[in-house]
Amino acid sequence: MTALGVAPPPAGGIDFTLPGDGVRLGATRWPGDGTPIVLLHGLASQRRFWNLVVPHLAGLPVVAIDQRGHGDSDRPAGGYDLDSVVGDLATAMDALGWSRAVVVGHSWGGSVAATFAAEHPERTLSLVALDGGFASPRAADGDRADIRKRLEPPRWVLPPDELVQMISSRPPGGVWTPELAAAVLPIFEVGPAGLARARLPFEIHMQIVDTLLDYDEIAVLSRVRCAAWLVSCEPVGTPDAWSAAKSTALERLAGHVARPRLLRWGGAVHDVPLQWPALVAGLIRAAAADVATGG
């Protein structure tokens with residue numbers, strides 16, 4: 001299998017492999033000075049997802065990691081519970097020689113980042129969770145089986161040109177560019193028959209969905225001692241049911257999080273690092289600066 005749309009990382013990035021907890025993890029590192037930044041992608045994504053954000057973090061030490069099962073990392077049959085994935089991050093940081101970092105997660109990566117912050121408070125300088133990690137899918141209407149069914153991924157098997165045409169017709173940033181393509185297309189791979197499909201197997205995807213359905217945001221975030229920057233991406237105008245549930249979750253968490261930094265970004269889509277990369281990078285820089293000043 002070959003990843004679709006393979007391209008080098010943004011300027012200065014170094015692709016390499018990190019150890020996880022019994023797995024090998026694909027990673028890209030950008031050297032720098034100051035507060036270290038770890039970037040964790042969401043479910044079914046991969047580390048190139050952060051390509052548009054990283055240039056705006058120039059000068060800071062940054063690493064983007066393919067979480068187990070994703071991108072260039074190993075795909076074991078099991079071990080997708082949050083404890084195992086958090087163990088991967090702790091092991092990877094040890095290999096980097098990073099005792100502490102600002103941990104940034106998008107979507108499912110937000111749940112991983114929040115759990116890491118709860119389990120390893122001494123290693124987490126600040127938590128940034130972008131549209132994830134603060135609201136379980138259980139908040140949506142319906143029973144577990146219905147919600148789980150809605151969260152099944154599409155099982156596309158298409159000629160690469162057709163897949164690219166379909167994805168590029170609705171770009172998160174409004175315009176399909178080569179840079180956006182390089183960030184998105186490695187989610188897919190081309191098999192021996194010349195057809196493109198998701199790199200993350202369906203069975204692993206659904207294991208992670210079950211993990212998210214079991215996620216207890218209050219139990220996790222109430223143990224986070226560092227500043228927690230929690231961002232809800234919401235449409236302009238009347239909120240849909242899921243946006244309303246996220247807003248309610250933030251309000252509920254305000255009394256449980258030790259150092260809340262709660263934000264609602266109107267007009268932001270779920271994949272906001274692709275839509276507004278400079279804003280996302282600015283938030284990450286703010287979190288790093290907050291650490292540096294003891295905020």
# chains A, B, ... in the order shown; residues from 1 in each chain; ligands from 1

call {"tool": "residues_around", "arguments": {"residues": "Ala196 (chain A)", "least_positions_apart": "3", "cutoff": "9 Å", "atoms": "only C-alpha atoms", "output": "number ranges by chain"}}
result
A: 3-4, 156-161, 163, 188-191, 193, 199

call {"tool": "write_last_selection", "arguments": {"atoms": "C-alpha atoms", "output": "short mmCIF file (atom, residue, chain, number, x, y, z; two decimals), in the first residue's frame"}}
result
data_model
loop_
_atom_site.label_atom_id
_atom_site.label_comp_id
_atom_site.auth_asym_id
_atom_site.auth_seq_id
_atom_site.Cartn_x
_atom_site.Cartn_y
_atom_site.Cartn_z
CA ALA A 3 -0.08 6.69 0.90
CA LEU A 4 -1.98 9.03 -1.41
CA TRP A 156 -14.79 4.50 0.04
CA VAL A 157 -12.91 2.40 -2.51
CA LEU A 158 -12.43 4.65 -5.52
CA PRO A 159 -9.99 5.52 -8.26
CA PRO A 160 -7.60 8.12 -6.74
CA ASP A 161 -8.70 10.88 -9.15
CA LEU A 163 -11.50 10.48 -4.46
CA PHE A 188 -5.79 7.56 2.18
CA GLU A 189 -3.71 4.88 0.49
CA VAL A 190 -3.67 3.25 -2.93
CA GLY A 191 -3.81 -0.54 -2.99
CA ALA A 193 -5.62 -2.73 -7.62
CA ARG A 199 -5.46 3.91 5.65
#

call {"tool": "residues_around", "arguments": {"residues": "region 210-223 of chain A", "least_positions_apart": "3", "cutoff": "7 Å", "atoms": "only C-alpha atoms", "output": "PyMOL selection string"}}
result
chain A and resi 81+114-115+118+133-138+206-207+253+256-258

call {"tool": "residues_around", "arguments": {"residues": "region 175-182 of chain A", "least_positions_apart": "5", "cutoff": "8 Å", "atoms": "only C-alpha atoms", "output": "PDB file with C-alpha atoms, in the first residue's frame"}}
result
ATOM      1  CA  GLY A   5      -0.482  12.479  -1.952  1.00  0.00           C
ATOM      2  CA  VAL A   6       2.839  11.841  -0.219  1.00  0.00           C
ATOM      3  CA  ALA A   7       4.857  15.058   0.106  1.00  0.00           C
ATOM      4  CA  ARG A  48       0.449  15.846   8.017  1.00  0.00           C
ATOM      5  CA  ASN A  51       1.082  21.023   7.948  1.00  0.00           C
ATOM      6  CA  LEU A  52      -0.708  24.363   7.655  1.00  0.00           C
ATOM      7  CA  SER A 168     -11.436  18.848  -3.036  1.00  0.00           C
ATOM      8  CA  SER A 169     -15.001  19.942  -3.837  1.00  0.00           C
ATOM      9  CA  LEU A 274      -7.120  23.248   8.044  1.00  0.00           C
TER      10      LEU A 274
END

call {"tool": "closest_atom_pairs", "arguments": {"of": "region 216-293 of chain A", "to": "region 85-106 of chain A", "cutoff": "9 Å", "atoms": "only C-alpha atoms", "output": "JSON lines"}}
result
{"residue": "A:His270", "atom": "CA", "partner": "A:His106", "partner_atom": "CA", "distance": 8.9}
{"residue": "A:Asp271", "atom": "CA", "partner": "A:His106", "partner_atom": "CA", "distance": 8.1}
{"residue": "A:Val272", "atom": "CA", "partner": "A:His106", "partner_atom": "CA", "distance": 8.9}
{"residue": "A:Pro273", "atom": "CA", "partner": "A:His106", "partner_atom": "CA", "distance": 8.4}
{"residue": "A:Ile284", "atom": "CA", "partner": "A:Val104", "partner_atom": "CA", "distance": 7.7}
{"residue": "A:Ala287", "atom": "CA", "partner": "A:Val102", "partner_atom": "CA", "distance": 7.5}
{"residue": "A:Ala288", "atom": "CA", "partner": "A:Val102", "partner_atom": "CA", "distance": 6.7}
{"residue": "A:Val291", "atom": "CA", "partner": "A:Val102", "partner_atom": "CA", "distance": 8.6}

call {"tool": "write_last_selection", "arguments": {"atoms": "N, CA and C atoms", "output": "JSON list (two decimals), in the first residue's frame"}}
result
[["chain", "number", "residue", "atom", "x", "y", "z"],
["A", 270, "HIS", "N", -15.19, 21.73, 12.01],
["A", 270, "HIS", "CA", -14.52, 20.78, 12.91],
["A", 270, "HIS", "C", -13.03, 20.70, 12.63],
["A", 271, "ASP", "N", -12.65, 20.67, 11.36],
["A", 271, "ASP", "CA", -11.22, 20.60, 11.01],
["A", 271, "ASP", "C", -10.61, 21.99, 10.96],
["A", 272, "VAL", "N", -10.75, 22.72, 12.05],
["A", 272, "VAL", "CA", -10.31, 24.11, 12.08],
["A", 272, "VAL", "C", -8.80, 24.28, 11.84],
["A", 273, "PRO", "N", -7.92, 23.32, 12.16],
["A", 273, "PRO", "CA", -6.51, 23.53, 11.80],
["A", 273, "PRO", "C", -6.28, 23.63, 10.30],
["A", 284, "ILE", "N", -2.04, 28.16, 20.20],
["A", 284, "ILE", "CA", -0.96, 27.34, 20.75],
["A", 284, "ILE", "C", 0.17, 28.20, 21.29],
["A", 287, "ALA", "N", -0.89, 29.56, 24.58],
["A", 287, "ALA", "CA", -0.77, 28.57, 25.64],
["A", 287, "ALA", "C", 0.70, 28.43, 26.09],
["A", 288, "ALA", "N", 1.63, 28.45, 25.13],
["A", 288, "ALA", "CA", 3.05, 28.37, 25.46],
["A", 288, "ALA", "C", 3.52, 29.59, 26.21],
["A", 291, "VAL", "N", 2.43, 29.57, 29.79],
["A", 291, "VAL", "CA", 3.33, 28.74, 30.61],
["A", 291, "VAL", "C", 4.58, 29.52, 30.97]]

call {"tool": "residues_around", "arguments": {"residues": "Pro153 (chain A)", "least_positions_apart": "2", "cutoff": "12 Å", "atoms": "only C-alpha atoms", "output": "NGL selection string"}}
result
:A and (43-45 or 148-151 or 155-156 or 197-206 or 208-209)

call {"tool": "select_by_dssp", "arguments": {"residues": "region 105-284 of chain A", "states": "alpha helix (DSSP H)", "output": "PyMOL selection string"}}
result
chain A and resi 108-119+144-150+160-168+178-184+202-214+217-221+241-253+272-275+277-284

call {"tool": "write_last_selection", "arguments": {"atoms": "C-alpha atoms", "output": "PDB file, in the first residue's frame"}}
result
ATOM      1  CA  TRP A 108     -10.114  12.277  19.297  1.00  0.00           C
ATOM      2  CA  GLY A 109      -6.609  13.666  19.788  1.00  0.00           C
ATOM      3  CA  GLY A 110      -8.174  16.101  22.263  1.00  0.00           C
ATOM      4  CA  SER A 111      -9.347  13.150  24.356  1.00  0.00           C
ATOM      5  CA  VAL A 112      -5.861  11.638  24.172  1.00  0.00           C
ATOM      6  CA  ALA A 113      -4.261  14.959  25.145  1.00  0.00           C
ATOM      7  CA  ALA A 114      -6.701  15.496  28.039  1.00  0.00           C
ATOM      8  CA  THR A 115      -6.151  11.964  29.339  1.00  0.00           C
ATOM      9  CA  PHE A 116      -2.383  12.447  29.112  1.00  0.00           C
ATOM     10  CA  ALA A 117      -2.702  15.702  31.082  1.00  0.00           C
ATOM     11  CA  ALA A 118      -4.767  13.907  33.738  1.00  0.00           C
ATOM     12  CA  GLU A 119      -2.444  10.902  33.988  1.00  0.00           C
ATOM     13  CA  ARG A 144     -25.402   3.942  21.928  1.00  0.00           C
ATOM     14  CA  ALA A 145     -26.084   1.698  18.948  1.00  0.00           C
ATOM     15  CA  ASP A 146     -27.610   4.559  16.951  1.00  0.00           C
ATOM     16  CA  ILE A 147     -24.738   6.917  17.779  1.00  0.00           C
ATOM     17  CA  ARG A 148     -22.179   4.245  16.965  1.00  0.00           C
ATOM     18  CA  LYS A 149     -23.856   3.636  13.606  1.00  0.00           C
ATOM     19  CA  ARG A 150     -23.749   7.349  12.770  1.00  0.00           C
ATOM     20  CA  PRO A 160      -7.603   8.123  -6.741  1.00  0.00           C
ATOM     21  CA  ASP A 161      -8.696  10.878  -9.147  1.00  0.00           C
ATOM     22  CA  GLU A 162     -12.337  10.430  -8.173  1.00  0.00           C
ATOM     23  CA  LEU A 163     -11.500  10.483  -4.464  1.00  0.00           C
ATOM     24  CA  VAL A 164      -9.430  13.647  -4.829  1.00  0.00           C
ATOM     25  CA  GLN A 165     -12.201  15.313  -6.844  1.00  0.00           C
ATOM     26  CA  MET A 166     -14.776  14.462  -4.176  1.00  0.00           C
ATOM     27  CA  ILE A 167     -12.619  15.704  -1.274  1.00  0.00           C
ATOM     28  CA  SER A 168     -11.436  18.848  -3.036  1.00  0.00           C
ATOM     29  CA  PRO A 178      -1.448  21.949  -2.993  1.00  0.00           C
ATOM     30  CA  GLU A 179      -0.667  22.637   0.670  1.00  0.00           C
ATOM     31  CA  LEU A 180      -4.133  21.524   1.743  1.00  0.00           C
ATOM     32  CA  ALA A 181      -3.863  18.435  -0.443  1.00  0.00           C
ATOM     33  CA  ALA A 182      -0.544  17.512   1.202  1.00  0.00           C
ATOM     34  CA  ALA A 183      -2.205  17.793   4.624  1.00  0.00           C
ATOM     35  CA  VAL A 184      -5.317  15.755   3.800  1.00  0.00           C
ATOM     36  CA  PHE A 202     -12.667  -0.045   9.639  1.00  0.00           C
ATOM     37  CA  GLU A 203     -12.328  -2.385  12.639  1.00  0.00           C
ATOM     38  CA  ILE A 204      -9.717  -0.165  14.300  1.00  0.00           C
ATOM     39  CA  HIS A 205     -11.785   2.930  13.561  1.00  0.00           C
ATOM     40  CA  MET A 206     -14.737   1.434  15.408  1.00  0.00           C
ATOM     41  CA  GLN A 207     -12.559   0.372  18.371  1.00  0.00           C
ATOM     42  CA  ILE A 208     -11.663   4.029  18.796  1.00  0.00           C
ATOM     43  CA  VAL A 209     -15.299   5.078  18.411  1.00  0.00           C
ATOM     44  CA  ASP A 210     -16.134   2.751  21.319  1.00  0.00           C
ATOM     45  CA  THR A 211     -13.351   4.381  23.339  1.00  0.00           C
ATOM     46  CA  LEU A 212     -14.866   7.798  22.653  1.00  0.00           C
ATOM     47  CA  LEU A 213     -18.331   6.585  23.628  1.00  0.00           C
ATOM     48  CA  ASP A 214     -16.905   5.450  26.975  1.00  0.00           C
ATOM     49  CA  GLU A 217     -14.896  14.170  30.180  1.00  0.00           C
ATOM     50  CA  ILE A 218     -15.658  15.321  33.719  1.00  0.00           C
ATOM     51  CA  ALA A 219     -13.749  12.433  35.300  1.00  0.00           C
ATOM     52  CA  VAL A 220     -10.758  13.182  33.063  1.00  0.00           C
ATOM     53  CA  LEU A 221     -10.677  16.973  32.991  1.00  0.00           C
ATOM     54  CA  ALA A 241     -27.682  19.592  18.102  1.00  0.00           C
ATOM     55  CA  TRP A 242     -24.021  18.607  18.389  1.00  0.00           C
ATOM     56  CA  SER A 243     -22.822  22.237  18.690  1.00  0.00           C
ATOM     57  CA  ALA A 244     -25.432  22.845  21.388  1.00  0.00           C
ATOM     58  CA  ALA A 245     -24.232  19.726  23.222  1.00  0.00           C
ATOM     59  CA  LYS A 246     -20.616  20.933  23.079  1.00  0.00           C
ATOM     60  CA  SER A 247     -21.619  24.349  24.388  1.00  0.00           C
ATOM     61  CA  THR A 248     -23.497  22.742  27.269  1.00  0.00           C
ATOM     62  CA  ALA A 249     -20.485  20.530  27.992  1.00  0.00           C
ATOM     63  CA  LEU A 250     -18.201  23.562  28.258  1.00  0.00           C
ATOM     64  CA  GLU A 251     -20.602  25.265  30.653  1.00  0.00           C
ATOM     65  CA  ARG A 252     -20.789  22.127  32.782  1.00  0.00           C
ATOM     66  CA  LEU A 253     -17.010  21.758  32.860  1.00  0.00           C
ATOM     67  CA  VAL A 272     -10.306  24.108  12.082  1.00  0.00           C
ATOM     68  CA  PRO A 273      -6.512  23.525  11.802  1.00  0.00           C
ATOM     69  CA  LEU A 274      -7.120  23.248   8.044  1.00  0.00           C
ATOM     70  CA  GLN A 275      -9.574  26.149   7.945  1.00  0.00           C
ATOM     71  CA  PRO A 277      -4.275  27.493  10.746  1.00  0.00           C
ATOM     72  CA  ALA A 278      -2.922  30.885  11.800  1.00  0.00           C
ATOM     73  CA  LEU A 279      -5.602  31.234  14.496  1.00  0.00           C
ATOM     74  CA  VAL A 280      -4.905  27.718  15.788  1.00  0.00           C
ATOM     75  CA  ALA A 281      -1.170  28.448  15.885  1.00  0.00           C
ATOM     76  CA  GLY A 282      -1.858  31.714  17.687  1.00  0.00           C
ATOM     77  CA  LEU A 283      -3.802  29.838  20.344  1.00  0.00           C
ATOM     78  CA  ILE A 284      -0.961  27.337  20.747  1.00  0.00           C
TER      79      ILE A 284
END

call {"tool": "atom_distance", "arguments": {"atom1": "CA of Arg261 (chain A)", "atom2": "CA of Arg29 (chain A)"}}
result
27.2 Å

call {"tool": "atom_distance", "arguments": {"atom1": "CA of Thr238 (chain A)", "atom2": "CA of Gly266 (chain A)"}}
result
10.7 Å
